[in-house]
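Undergrad: The following block contains the structure, expressed as structure tokens.
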Amino acid sequence: MTKWMRALKKRCLTAGVGPIGSSDRPREIKLKGQYYCIFSTDICGIHVLFDAPIIAEHSINTICGLPKTFVDLKLRLDKMKPWEWSDHNRNEVLKWWAESFLAGIEKIYIAYHDKQGNVHKIIHRKLRELWRECEHDWSPNICGHFLRRCLGNIKTLLADVDSASTVYLLEYDAENGNIKYKYAEERSEYTFIPDWFRLMMEESLEHLNAATQFSV
């Protein structure tokens with residue numbers, strides 16, 4: 001599947017430097033690596049800052065000067081039995097919806113392929129159409145409720161943590177519904193906040209504490 005998706009990206013996507021639709025023709029470059037964006041959102045009163053991989057930018061809006069939007073590209077087997085469709089909806093499509101919803105993606109392009117990996121057609125689906133097609137297999141409301149409860153528990157867990165180097169690793173156990181966690185206090189392979197940001201933040205806190213004590 002990874003190989004097929006790589007080939008599909010080469011057929012459907014264009015990597016370039018410079019805005020598409022401008023007088024300067026964008027310089028095409030080789031597709032490689034992964035494009036990430038930083039998102040900030042509010043979920044039931046909890047402010048969340050996260051990064052997410054983005055496959056493609058919907059370039060049509062850049063011509064009109066409108067805000068950038070993103071689209072996603074997926075692979076789907078063209079012929080499946082009823083139970084296979086149900087399993088596909090509960091696992092793959094649910095993941096598609098969650099990833100796109102959190103990143104604000106409203107349109108997904110789906111490439112239908114046979115068992116040999118030959119794509120016969122590509123259609124696009126709006127996000128609301130996607131979950132309506134799966135309303136008998138899962139519910140967005142239940143997903144949102146779980147996310148709110150999960151983030152609330154994480155917020156409670158991290159309430160007393162005052163270290164930019166500490167990283168909590170959370171794992172969801174689907175068999176019993178429990179969320180397990182472990183943490184690494186020292187810098188490790190899981191550390192994602194760079195040293196320069198941590199030092200800058202600590203210096204700012206020291207200046208703030210010093211100013212507060214002086215005023216008192």
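Just remember, in the structure tokens the first chain shown is A, the second B, etc., residues are 1-based per chain, and ligands are 1-based in the order shown.
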Considering only C-alpha atoms, return as a PDB file with N, CA and C atoms, in the first residue's frame whatever protein or nucleic-acid residues lie within 12 Å of segment 121-128 of chain A, sequence-local ones (same chain, fewer than 3 positions apart) excluded.
TA:
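Output (selection00.pdb):
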ATOM      1  N   LEU A   8       0.830   6.972  -6.534  1.00  0.00           N
ATOM      2  CA  LEU A   8      -0.356   7.807  -6.719  1.00  0.00           C
ATOM      3  C   LEU A   8      -0.028   9.276  -6.500  1.00  0.00           C
ATOM      4  N   ARG A  11       1.489  10.836  -9.476  1.00  0.00           N
ATOM      5  CA  ARG A  11       0.533  11.077 -10.563  1.00  0.00           C
ATOM      6  C   ARG A  11      -0.364  12.266 -10.291  1.00  0.00           C
ATOM      7  N   CYS A  12      -0.711  12.476  -9.017  1.00  0.00           N
ATOM      8  CA  CYS A  12      -1.759  13.447  -8.683  1.00  0.00           C
ATOM      9  C   CYS A  12      -1.252  14.756  -8.112  1.00  0.00           C
ATOM     10  N   VAL A  71      -6.245  19.322   1.244  1.00  0.00           N
ATOM     11  CA  VAL A  71      -7.016  18.157   0.837  1.00  0.00           C
ATOM     12  C   VAL A  71      -6.211  16.909   1.186  1.00  0.00           C
ATOM     13  N   ASP A  72      -6.889  15.779   1.184  1.00  0.00           N
ATOM     14  CA  ASP A  72      -6.211  14.522   1.480  1.00  0.00           C
ATOM     15  C   ASP A  72      -6.440  13.546   0.333  1.00  0.00           C
ATOM     16  N   LEU A  73      -5.565  12.571   0.231  1.00  0.00           N
ATOM     17  CA  LEU A  73      -5.602  11.580  -0.837  1.00  0.00           C
ATOM     18  C   LEU A  73      -5.531  10.188  -0.225  1.00  0.00           C
ATOM     19  N   LYS A  74      -6.500   9.333  -0.573  1.00  0.00           N
ATOM     20  CA  LYS A  74      -6.587   8.011   0.034  1.00  0.00           C
ATOM     21  C   LYS A  74      -6.759   6.934  -1.039  1.00  0.00           C
ATOM     22  N   LEU A  75      -6.455   5.703  -0.660  1.00  0.00           N
ATOM     23  CA  LEU A  75      -6.646   4.531  -1.519  1.00  0.00           C
ATOM     24  C   LEU A  75      -7.751   3.658  -0.954  1.00  0.00           C
ATOM     25  N   ARG A  76      -8.596   3.130  -1.865  1.00  0.00           N
ATOM     26  CA  ARG A  76      -9.691   2.244  -1.431  1.00  0.00           C
ATOM     27  C   ARG A  76      -9.871   1.142  -2.471  1.00  0.00           C
ATOM     28  N   LEU A  77     -10.022  -0.076  -1.988  1.00  0.00           N
ATOM     29  CA  LEU A  77     -10.271  -1.206  -2.879  1.00  0.00           C
ATOM     30  C   LEU A  77     -11.626  -1.035  -3.552  1.00  0.00           C
ATOM     31  N   ASP A  78     -11.693  -1.271  -4.868  1.00  0.00           N
ATOM     32  CA  ASP A  78     -12.924  -0.975  -5.603  1.00  0.00           C
ATOM     33  C   ASP A  78     -14.037  -1.980  -5.358  1.00  0.00           C
ATOM     34  N   VAL A  93     -11.967   4.348   7.326  1.00  0.00           N
ATOM     35  CA  VAL A  93     -12.701   5.598   7.087  1.00  0.00           C
ATOM     36  C   VAL A  93     -12.805   6.421   8.369  1.00  0.00           C
ATOM     37  N   LEU A  94     -12.964   5.767   9.503  1.00  0.00           N
ATOM     38  CA  LEU A  94     -12.987   6.479  10.776  1.00  0.00           C
ATOM     39  C   LEU A  94     -11.677   7.232  10.995  1.00  0.00           C
ATOM     40  N   LYS A  95     -10.570   6.599  10.658  1.00  0.00           N
ATOM     41  CA  LYS A  95      -9.263   7.249  10.775  1.00  0.00           C
ATOM     42  C   LYS A  95      -9.155   8.420   9.798  1.00  0.00           C
ATOM     43  N   TRP A  96      -9.664   8.230   8.565  1.00  0.00           N
ATOM     44  CA  TRP A  96      -9.642   9.322   7.586  1.00  0.00           C
ATOM     45  C   TRP A  96     -10.398  10.534   8.133  1.00  0.00           C
ATOM     46  N   TRP A  97     -11.591  10.257   8.658  1.00  0.00           N
ATOM     47  CA  TRP A  97     -12.438  11.349   9.145  1.00  0.00           C
ATOM     48  C   TRP A  97     -11.772  12.081  10.308  1.00  0.00           C
ATOM     49  N   ALA A  98     -11.233  11.339  11.269  1.00  0.00           N
ATOM     50  CA  ALA A  98     -10.620  11.964  12.444  1.00  0.00           C
ATOM     51  C   ALA A  98      -9.432  12.828  12.058  1.00  0.00           C
ATOM     52  N   GLU A  99      -8.563  12.307  11.205  1.00  0.00           N
ATOM     53  CA  GLU A  99      -7.377  13.055  10.788  1.00  0.00           C
ATOM     54  C   GLU A  99      -7.761  14.327  10.039  1.00  0.00           C
ATOM     55  N   SER A 100      -8.747  14.228   9.159  1.00  0.00           N
ATOM     56  CA  SER A 100      -9.154  15.383   8.365  1.00  0.00           C
ATOM     57  C   SER A 100      -9.919  16.396   9.205  1.00  0.00           C
ATOM     58  N   PHE A 101     -10.766  15.925  10.104  1.00  0.00           N
ATOM     59  CA  PHE A 101     -11.565  16.820  10.946  1.00  0.00           C
ATOM     60  C   PHE A 101     -10.669  17.689  11.819  1.00  0.00           C
ATOM     61  N   LEU A 102      -9.668  17.072  12.451  1.00  0.00           N
ATOM     62  CA  LEU A 102      -8.797  17.814  13.352  1.00  0.00           C
ATOM     63  C   LEU A 102      -7.935  18.827  12.593  1.00  0.00           C
ATOM     64  N   ALA A 103      -7.572  18.516  11.351  1.00  0.00           N
ATOM     65  CA  ALA A 103      -6.738  19.417  10.557  1.00  0.00           C
ATOM     66  C   ALA A 103      -7.566  20.399   9.727  1.00  0.00           C
ATOM     67  N   GLY A 104      -8.895  20.336   9.837  1.00  0.00           N
ATOM     68  CA  GLY A 104      -9.746  21.258   9.101  1.00  0.00           C
ATOM     69  C   GLY A 104      -9.875  20.955   7.629  1.00  0.00           C
ATOM     70  N   ILE A 105      -9.588  19.720   7.232  1.00  0.00           N
ATOM     71  CA  ILE A 105      -9.705  19.324   5.828  1.00  0.00           C
ATOM     72  C   ILE A 105     -11.168  19.006   5.515  1.00  0.00           C
ATOM     73  N   GLU A 106     -11.696  19.611   4.477  1.00  0.00           N
ATOM     74  CA  GLU A 106     -13.105  19.426   4.137  1.00  0.00           C
ATOM     75  C   GLU A 106     -13.324  18.514   2.943  1.00  0.00           C
ATOM     76  N   LYS A 107     -12.267  18.205   2.196  1.00  0.00           N
ATOM     77  CA  LYS A 107     -12.428  17.391   0.993  1.00  0.00           C
ATOM     78  C   LYS A 107     -11.340  16.324   0.927  1.00  0.00           C
ATOM     79  N   ILE A 108     -11.761  15.100   0.607  1.00  0.00           N
ATOM     80  CA  ILE A 108     -10.839  13.975   0.483  1.00  0.00           C
ATOM     81  C   ILE A 108     -10.986  13.378  -0.907  1.00  0.00           C
ATOM     82  N   TYR A 109      -9.870  13.127  -1.578  1.00  0.00           N
ATOM     83  CA  TYR A 109      -9.871  12.442  -2.870  1.00  0.00           C
ATOM     84  C   TYR A 109      -9.579  10.961  -2.634  1.00  0.00           C
ATOM     85  N   ILE A 110     -10.444  10.105  -3.159  1.00  0.00           N
ATOM     86  CA  ILE A 110     -10.331   8.664  -2.947  1.00  0.00           C
ATOM     87  C   ILE A 110     -10.070   7.987  -4.285  1.00  0.00           C
ATOM     88  N   ALA A 111      -8.970   7.245  -4.353  1.00  0.00           N
ATOM     89  CA  ALA A 111      -8.601   6.506  -5.570  1.00  0.00           C
ATOM     90  C   ALA A 111      -9.033   5.054  -5.407  1.00  0.00           C
ATOM     91  N   TYR A 112      -9.923   4.594  -6.283  1.00  0.00           N
ATOM     92  CA  TYR A 112     -10.412   3.212  -6.241  1.00  0.00           C
ATOM     93  C   TYR A 112      -9.484   2.337  -7.088  1.00  0.00           C
ATOM     94  N   HIS A 113      -8.971   1.275  -6.476  1.00  0.00           N
ATOM     95  CA  HIS A 113      -8.000   0.424  -7.154  1.00  0.00           C
ATOM     96  C   HIS A 113      -8.410  -1.042  -7.065  1.00  0.00           C
ATOM     97  N   ASP A 114      -7.869  -1.852  -7.962  1.00  0.00           N
ATOM     98  CA  ASP A 114      -8.118  -3.285  -7.895  1.00  0.00           C
ATOM     99  C   ASP A 114      -7.034  -3.947  -7.047  1.00  0.00           C
ATOM    100  N   GLY A 117      -3.458  -3.091  -7.747  1.00  0.00           N
ATOM    101  CA  GLY A 117      -3.016  -1.715  -7.528  1.00  0.00           C
ATOM    102  C   GLY A 117      -3.299  -0.773  -8.665  1.00  0.00           C
ATOM    103  N   ASN A 118      -4.090  -1.199  -9.651  1.00  0.00           N
ATOM    104  CA  ASN A 118      -4.438  -0.336 -10.782  1.00  0.00           C
ATOM    105  C   ASN A 118      -5.623   0.557 -10.401  1.00  0.00           C
ATOM    106  N   TRP A 131     -18.808  10.751   6.663  1.00  0.00           N
ATOM    107  CA  TRP A 131     -19.340  10.122   7.874  1.00  0.00           C
ATOM    108  C   TRP A 131     -20.817   9.759   7.738  1.00  0.00           C
ATOM    109  N   ARG A 132     -21.534  10.432   6.853  1.00  0.00           N
ATOM    110  CA  ARG A 132     -22.925  10.041   6.636  1.00  0.00           C
ATOM    111  C   ARG A 132     -23.018   8.675   5.964  1.00  0.00           C
ATOM    112  N   GLU A 133     -22.038   8.346   5.135  1.00  0.00           N
ATOM    113  CA  GLU A 133     -22.001   7.024   4.509  1.00  0.00           C
ATOM    114  C   GLU A 133     -21.691   5.923   5.530  1.00  0.00           C
ATOM    115  N   CYS A 134     -21.161   6.298   6.678  1.00  0.00           N
ATOM    116  CA  CYS A 134     -20.763   5.314   7.705  1.00  0.00           C
ATOM    117  C   CYS A 134     -21.592   5.449   8.975  1.00  0.00           C
ATOM    118  N   GLU A 135     -22.775   6.047   8.891  1.00  0.00           N
ATOM    119  CA  GLU A 135     -23.554   6.322  10.090  1.00  0.00           C
ATOM    120  C   GLU A 135     -24.003   5.061  10.820  1.00  0.00           C
ATOM    121  N   SER A 139     -20.081   6.904  14.996  1.00  0.00           N
ATOM    122  CA  SER A 139     -20.728   8.198  15.167  1.00  0.00           C
ATOM    123  C   SER A 139     -19.696   9.273  15.503  1.00  0.00           C
ATOM    124  N   PRO A 140     -19.736  10.416  14.817  1.00  0.00           N
ATOM    125  CA  PRO A 140     -18.831  11.524  15.158  1.00  0.00           C
ATOM    126  C   PRO A 140     -19.033  12.026  16.581  1.00  0.00           C
TER     127      PRO A 140
END
Undergrad: Can you tell me, as a PyMOL selection string, which residues in segment 28-196 of chain A count as helix (DSSP H, G or I) by DSSP?
TA: chain A and resi 60-64+82-103+127-132+140-157+195-196
Undergrad: What's the 12 Å shell around Arg149 of chain A, counting only C-alpha atoms, without same-chain residues fewer than 3 positions away, as a CSV table (one decimal) with N, CA and C atoms, in the first residue's frame?
TA:
chain,number,residue,atom,x,y,z
A,43,ILE,N,-11.1,22.6,21.9
A,43,ILE,CA,-12.0,21.5,22.0
A,43,ILE,C,-12.6,21.5,23.3
A,44,CYS,N,-13.9,21.9,23.4
A,44,CYS,CA,-14.6,21.9,24.7
A,44,CYS,C,-13.9,22.7,25.8
A,45,GLY,N,-13.3,23.8,25.4
A,45,GLY,CA,-12.7,24.6,26.4
A,45,GLY,C,-11.2,24.3,26.7
A,46,ILE,N,-10.7,23.3,26.0
A,46,ILE,CA,-9.3,22.8,26.1
A,46,ILE,C,-8.5,23.3,24.9
A,142,ILE,N,-19.8,10.3,19.3
A,142,ILE,CA,-19.1,9.4,20.2
A,142,ILE,C,-17.6,9.6,20.1
A,143,CYS,N,-17.1,9.9,18.9
A,143,CYS,CA,-15.7,10.2,18.8
A,143,CYS,C,-15.3,11.5,19.5
A,144,GLY,N,-16.2,12.5,19.3
A,144,GLY,CA,-15.9,13.8,20.0
A,144,GLY,C,-16.0,13.7,21.5
A,145,HIS,N,-16.9,12.9,22.0
A,145,HIS,CA,-17.0,12.7,23.4
A,145,HIS,C,-15.8,12.0,24.0
A,146,PHE,N,-15.3,11.0,23.3
A,146,PHE,CA,-14.1,10.3,23.7
A,146,PHE,C,-12.9,11.2,23.7
A,152,GLY,N,-9.4,15.8,28.7
A,152,GLY,CA,-9.6,16.2,30.0
A,152,GLY,C,-8.7,15.4,31.0
A,153,ASN,N,-8.6,14.1,30.8
A,153,ASN,CA,-7.8,13.3,31.7
A,153,ASN,C,-6.3,13.7,31.5
A,154,ILE,N,-5.9,13.9,30.3
A,154,ILE,CA,-4.5,14.3,30.1
A,154,ILE,C,-4.2,15.7,30.8
A,155,LYS,N,-5.1,16.6,30.7
A,155,LYS,CA,-5.0,17.9,31.3
A,155,LYS,C,-4.8,17.7,32.8
A,156,THR,N,-5.6,16.9,33.4
A,156,THR,CA,-5.6,16.6,34.9
A,156,THR,C,-4.2,16.0,35.2
A,179,ILE,N,-6.4,3.8,29.3
A,179,ILE,CA,-5.3,4.6,28.8
A,179,ILE,C,-4.1,4.5,29.7
Undergrad: Just how far from atom CA of Cys37 of chain A is atom CA of Pro53 of chain A, in Å to one decimal?
TA: 6.6 Å
Undergrad: Name the residues of segment 39-131 of chain A that fall into strand (DSSP E or B) according to DSSP on the backbone, using the chain letters and numbers of this document, as a VMD selection string.
TA: chain A and resid 39 to 43 46 to 54 56 to 58 69 to 77 107 to 113 119 to 126
